[in-house]
Amino acid sequence: MTAMVTARIPAAATARALAGRADARPARWRRQLGAKLALLPLMAVVIVVYLGCMLWTVRLSFSSSKLLPVQDWAGLQQYGRLFANDRFLLSAINIGIFGVLFIGGCLVFGFLLAVFIDQRVRAEGVLRTVFLFPHAMSLVVTGLAWQWFLNPTLGLQKLVRDLGFADFTFDWIVNQQMVIYTLVIAGIWQASGLVMAILLAGLRGVDEDLWKAARVDGIPAWRAYLSIALPLIGPMVVTATVLLAVQVVKLYDLVVAMTRGGPGIASEVPAKFVMDHLFERNNIGLATAAATMMLVTVVAILAPWIYARYVRETGRRA
Amino acid sequence: MMAPMTADMPSGRRPRRIGIARIGVYAFLLSSAAFFLLPLWIMVTTSLKPMAEVWEGNILALPAQFTVEPWIRAWSEACTGLECNGISVGFWNSVRILIPSLVLSILAGAVNGYALSFWRVRGANLLFGILLAGAFIPYQVFLYPLVRLFSQAGIYNSLACIVIVHVVFGMPIMTLLFRNFYASLPVELFNAARIDGGGFWTIFTHVLLPMSTPIIVVATILQVTGIWNDFIFGLTFAGRENLPMTVQLNNIVNSTQGERAYNIDMAATILTALVPLAVYFLSGRWFVRGIAAGAVKG
């Protein structure tokens, strides 16, 4: 990408010089004006929405706003309340548990699917289609499907009991201790096909000679995948991880559809905390403080990655 | 099916690998496939049973007394609160949201991508960088100020409002898609058009847009599934008259008073998933290409 852009600059400059000689100066300016005008909506979106609204939210989190936004300065008052709020603390713990298990689960399962599908199996196309189709479904649909499947009275639990295991219990979805894990299962179901697709593309790009060399050296296949292929597809693993991490922070639809944050408040998550306090509980100060904490978390996760990319790219350019 | 098999035969790998390892591979893949298909299976079977059978029978079993009544009722009679007009209301709302959002977001992405890749406007790359970074920020950070802005403009809770929101939040990925696509085209094409005196819009509409079909297909797949599956924007910005299908589905299933009709719930759920599923199954490899393009964002 970077190489292409830099390579194009001289060519474009020549074109501009040619055009400048052929046309009058104002015409050239007018043409550049076209591009500038075309980028106005982009500029407006960046300034008004991505920067303006973000700063506004952060600003509100330092005010004493309740039902209506107030422009006073309340220092860290809202943050004090936020970190004394059981529901928020539980949300934070939940998103931590969900994040680790969901990302870990998707990566491991997705990698295994990619490796096993890479074994020259029959009906590869069909299997890939089956593994990826949940990704086309919305998280609301995913949540409702799993809510029904895990329904203790009529779903999986009843099914196994009817088979003769009368004591079988699988009531995680109505169990305060376990409900967060049902969200993990549904999340993995929806997203691991995506990891499979990304990693399989990576595996297919690994040099055939490396496999041959590994086979000649008598390295077992599993070892070759772990020690040779996995490091080579590292960038794909990073990409998948970042995509999954973004999904984790945004987690909202799935919870609303599947558990509504319950039983009790057992499966509350930060995004839902913000939504509820904005639109139902009318506590704008607390909601924007929680939103700001989400923002800080994302920046903390992404900053090292963006920094690494930036350093790498400038390094290449130099 | 035959061709890859014969191609594999002479490699000499197959004979060695038959046996436990091979069985293990298929066992893992088939049980994984079962894991992915199971929820879909129970949704379909449940939606085709009368409620008596849902209560009594086995969740996995095929319907003994096959009925499409739950589908008809889900489409035209299912209740959200006091209104009982079925999920069809949400379906048509989603269509009305989808079409303008789709066209405008793709157009915006194409123009942005074109301006960013062929015209060196000062500061444009900085704007683009911020836009891309913005794609990673949780929506909750923007929602409240946006609600205030839209209220002040007098369009909060309207079709225009939800369409603008989809265009705005689709802009990072759409711009990225088109920018990368145009950057991969030979620059001589653009230079030739400029030497011929083509202006900004002329070059766009006459030279680049006609070449953009593949990327427009990818963008369409991404946006149709993305916009159709959206929940949070529809909930926040569409207003009660325009609630999209996902929001209405959640209202139907999760706010029912009294005894729940699981068969109708599941029929409504499948109906909501049909559009993106159709896109997925019809588009095949293009869908994966869309994901790969989306993954570039990472």
# chains A, B, ... in the order shown; residues from 1 in each chain; ligands from 1
call {"tool": "residues_around", "arguments": {"residues": "stretch 37-47 of chain A", "least_positions_apart": "2", "cutoff": "7 Å", "atoms": "only C-alpha atoms", "output": "list in words"}}
result
Leu33, Gly34, Ala35, Val49, Tyr50, Leu51 and Gly52 of chain A; Val111, Asn112, Ala115, Leu127, Ile130, Leu131 and Val168 of chain B
call {"tool": "residues_around", "arguments": {"residues": "A:Thr169", "least_positions_apart": "2", "cutoff": "10 Å", "atoms": "only C-alpha atoms", "output": "PyMOL selection string"}}
result
chain A and resi 152+156-158+160-161+165-167+171-172
call {"tool": "write_last_selection", "arguments": {"atoms": "N, CA and C atoms", "output": "short mmCIF file (atom, residue, chain, number, x, y, z; two decimals), in the first residue's frame"}}
result
data_model
loop_
_atom_site.label_atom_id
_atom_site.label_comp_id
_atom_site.auth_asym_id
_atom_site.auth_seq_id
_atom_site.Cartn_x
_atom_site.Cartn_y
_atom_site.Cartn_z
N PRO A 152 -34.18 -23.80 29.81
CA PRO A 152 -34.10 -25.00 30.65
C PRO A 152 -35.36 -25.86 30.60
N LEU A 156 -32.28 -27.63 25.53
CA LEU A 156 -31.27 -28.66 25.65
C LEU A 156 -31.44 -29.51 26.91
N GLN A 157 -31.71 -28.85 28.05
CA GLN A 157 -31.82 -29.59 29.31
C GLN A 157 -32.93 -30.63 29.25
N LYS A 158 -34.09 -30.21 28.72
CA LYS A 158 -35.22 -31.14 28.61
C LYS A 158 -34.88 -32.28 27.64
N VAL A 160 -31.97 -33.66 26.95
CA VAL A 160 -31.11 -34.68 27.55
C VAL A 160 -31.87 -35.45 28.63
N ARG A 161 -32.72 -34.74 29.39
CA ARG A 161 -33.50 -35.43 30.42
C ARG A 161 -34.45 -36.44 29.79
N PHE A 165 -31.54 -39.18 31.10
CA PHE A 165 -30.68 -38.65 32.16
C PHE A 165 -31.49 -37.66 32.99
N ALA A 166 -32.27 -38.16 33.91
CA ALA A 166 -33.25 -37.34 34.61
C ALA A 166 -32.61 -36.24 35.45
N ASP A 167 -31.35 -36.45 35.87
CA ASP A 167 -30.71 -35.47 36.74
C ASP A 167 -29.90 -34.42 35.98
N ASP A 171 -28.67 -25.25 33.23
CA ASP A 171 -29.55 -24.09 33.37
C ASP A 171 -28.74 -22.79 33.42
N TRP A 172 -27.59 -22.80 32.72
CA TRP A 172 -26.69 -21.65 32.81
C TRP A 172 -27.39 -20.33 32.49
#
call {"tool": "closest_residue", "arguments": {"among": "B:Phe190, B:Pro70, B:Ala52, B:Leu209", "to": "chain A", "atoms": "only C-alpha atoms"}}
result
B:Phe190
call {"tool": "residues_around", "arguments": {"residues": "B:Glu69", "least_positions_apart": "5", "cutoff": "12 Å", "atoms": "only C-alpha atoms", "output": "short mmCIF file (atom, residue, chain, number, x, y, z; two decimals) with N, CA and C atoms, in the first residue's frame"}}
result
data_model
loop_
_atom_site.label_atom_id
_atom_site.label_comp_id
_atom_site.auth_asym_id
_atom_site.auth_seq_id
_atom_site.Cartn_x
_atom_site.Cartn_y
_atom_site.Cartn_z
N THR B 46 -38.75 -25.81 15.33
CA THR B 46 -39.70 -25.21 16.27
C THR B 46 -40.74 -24.36 15.54
N SER B 47 -40.28 -23.66 14.50
CA SER B 47 -41.19 -22.75 13.82
C SER B 47 -42.26 -23.48 13.01
N LEU B 48 -42.05 -24.77 12.80
CA LEU B 48 -43.00 -25.52 11.98
C LEU B 48 -43.90 -26.45 12.81
N LYS B 49 -43.84 -26.29 14.16
CA LYS B 49 -44.65 -27.14 15.04
C LYS B 49 -45.78 -26.32 15.66
N PRO B 50 -46.91 -26.98 15.95
CA PRO B 50 -47.90 -26.30 16.80
C PRO B 50 -47.39 -26.22 18.24
N MET B 51 -47.88 -25.25 19.02
CA MET B 51 -47.33 -25.05 20.36
C MET B 51 -47.44 -26.29 21.24
N ALA B 74 -46.47 -15.00 12.49
CA ALA B 74 -45.29 -14.16 12.76
C ALA B 74 -45.24 -13.00 11.77
N TRP B 75 -45.55 -13.29 10.54
CA TRP B 75 -45.46 -12.26 9.49
C TRP B 75 -46.54 -11.19 9.67
N SER B 76 -47.77 -11.62 10.00
CA SER B 76 -48.85 -10.63 9.94
C SER B 76 -49.60 -10.39 11.24
N GLU B 77 -49.33 -11.18 12.31
CA GLU B 77 -50.14 -11.00 13.52
C GLU B 77 -49.34 -10.84 14.81
N ALA B 78 -48.04 -11.13 14.78
CA ALA B 78 -47.27 -11.10 16.02
C ALA B 78 -47.34 -9.72 16.66
N ALA B 261 -45.28 -17.77 22.66
CA ALA B 261 -45.47 -18.67 21.52
C ALA B 261 -44.13 -18.86 20.85
N ASN B 263 -43.02 -21.03 18.81
CA ASN B 263 -43.01 -21.33 17.37
C ASN B 263 -43.11 -20.04 16.55
N ILE B 264 -43.95 -19.11 17.01
CA ILE B 264 -44.07 -17.83 16.29
C ILE B 264 -42.77 -17.03 16.46
N ALA B 267 -40.24 -18.42 14.09
CA ALA B 267 -40.56 -18.06 12.70
C ALA B 267 -40.16 -16.61 12.45
N ALA B 268 -40.47 -15.73 13.40
CA ALA B 268 -40.12 -14.31 13.25
C ALA B 268 -38.60 -14.14 13.21
#
call {"tool": "residues_around", "arguments": {"residues": "stretch 173-189 of chain A", "least_positions_apart": "6", "cutoff": "8 Å", "atoms": "only C-alpha atoms", "output": "PyMOL selection string"}}
result
(chain A and resi 94+97-98+101-102+105-106+134+142-143+146-147+150-152+254-255+258-259+262-264+266-267) or (chain B and resi 35-36)
call {"tool": "atom_distance", "arguments": {"atom1": "atom CA of A:Tyr307", "atom2": "atom CA of A:Pro231"}}
result
20.9 Å
call {"tool": "residues_around", "arguments": {"residues": "A:Ile95", "least_positions_apart": "5", "cutoff": "9 Å", "atoms": "only C-alpha atoms", "output": "PyMOL selection string"}}
result
chain A and resi 90+100+180+248-249+251+268-270
call {"tool": "closest_residue", "arguments": {"among": "A:Gly96, A:Asp276, A:Trp222, A:Ile306", "to": "A:Leu112", "atoms": "only C-alpha atoms"}}
result
A:Trp222
call {"tool": "closest_residue", "arguments": {"among": "A:Gln190, A:Asn283, A:Thr153, A:Ser61", "to": "B:Leu40", "atoms": "only C-alpha atoms"}}
result
A:Gln190
call {"tool": "residues_around", "arguments": {"residues": "B:Thr80", "least_positions_apart": "6", "cutoff": "10 Å", "atoms": "only C-alpha atoms", "output": "ChimeraX atom specification"}}
result
/B:86-87,248-257
call {"tool": "write_last_selection", "arguments": {"atoms": "C-alpha atoms", "output": "compact mmCIF listing (two decimals), in the first residue's frame"}}
result
# COMPACT_ATOMS: atom_id res chain seq x y z
CA GLY B 86 -46.65 -8.88 12.66
CA ILE B 87 -42.98 -8.65 11.82
CA GLN B 248 -39.17 -5.22 16.30
CA LEU B 249 -38.12 -8.86 16.54
CA ASN B 250 -36.57 -8.25 19.94
CA ASN B 251 -39.73 -6.46 21.05
CA ILE B 252 -41.92 -9.32 19.87
CA VAL B 253 -39.86 -12.05 21.52
CA ASN B 254 -38.65 -10.37 24.68
CA SER B 255 -41.60 -8.28 25.73
CA THR B 256 -44.41 -10.76 25.32
CA GLN B 257 -46.82 -10.76 28.22
call {"tool": "residues_around", "arguments": {"residues": "B:Ser32", "least_positions_apart": "4", "cutoff": "9 Å", "atoms": "only C-alpha atoms", "output": "ChimeraX atom specification"}}
result
/A:113,131 /B:27-28,36-37
call {"tool": "write_last_selection", "arguments": {"atoms": "C-alpha atoms", "output": "compact mmCIF listing (two decimals), in the first residue's frame"}}
result
# COMPACT_ATOMS: atom_id res chain seq x y z
CA LEU A 113 -11.26 -25.23 11.98
CA PHE A 131 -18.85 -22.57 9.56
CA ALA B 27 -15.01 -36.32 13.26
CA PHE B 28 -13.83 -32.88 14.34
CA PHE B 36 -22.98 -24.52 13.90
CA LEU B 37 -26.11 -26.05 12.41
call {"tool": "closest_residue", "arguments": {"among": "A:Leu144, A:Leu67, A:Ile284, A:Met137", "to": "B:Ala278", "atoms": "only C-alpha atoms"}}
result
A:Met137
call {"tool": "select_by_dssp", "arguments": {"residues": "stretch 206-242 of chain A", "states": "helix (DSSP H, G or I)", "output": "ChimeraX atom specification"}}
result
/A:208-216,221-232,234-242
call {"tool": "atom_distance", "arguments": {"atom1": "atom CA of A:Val108", "atom2": "atom CA of A:Arg260"}}
result
28.2 Å
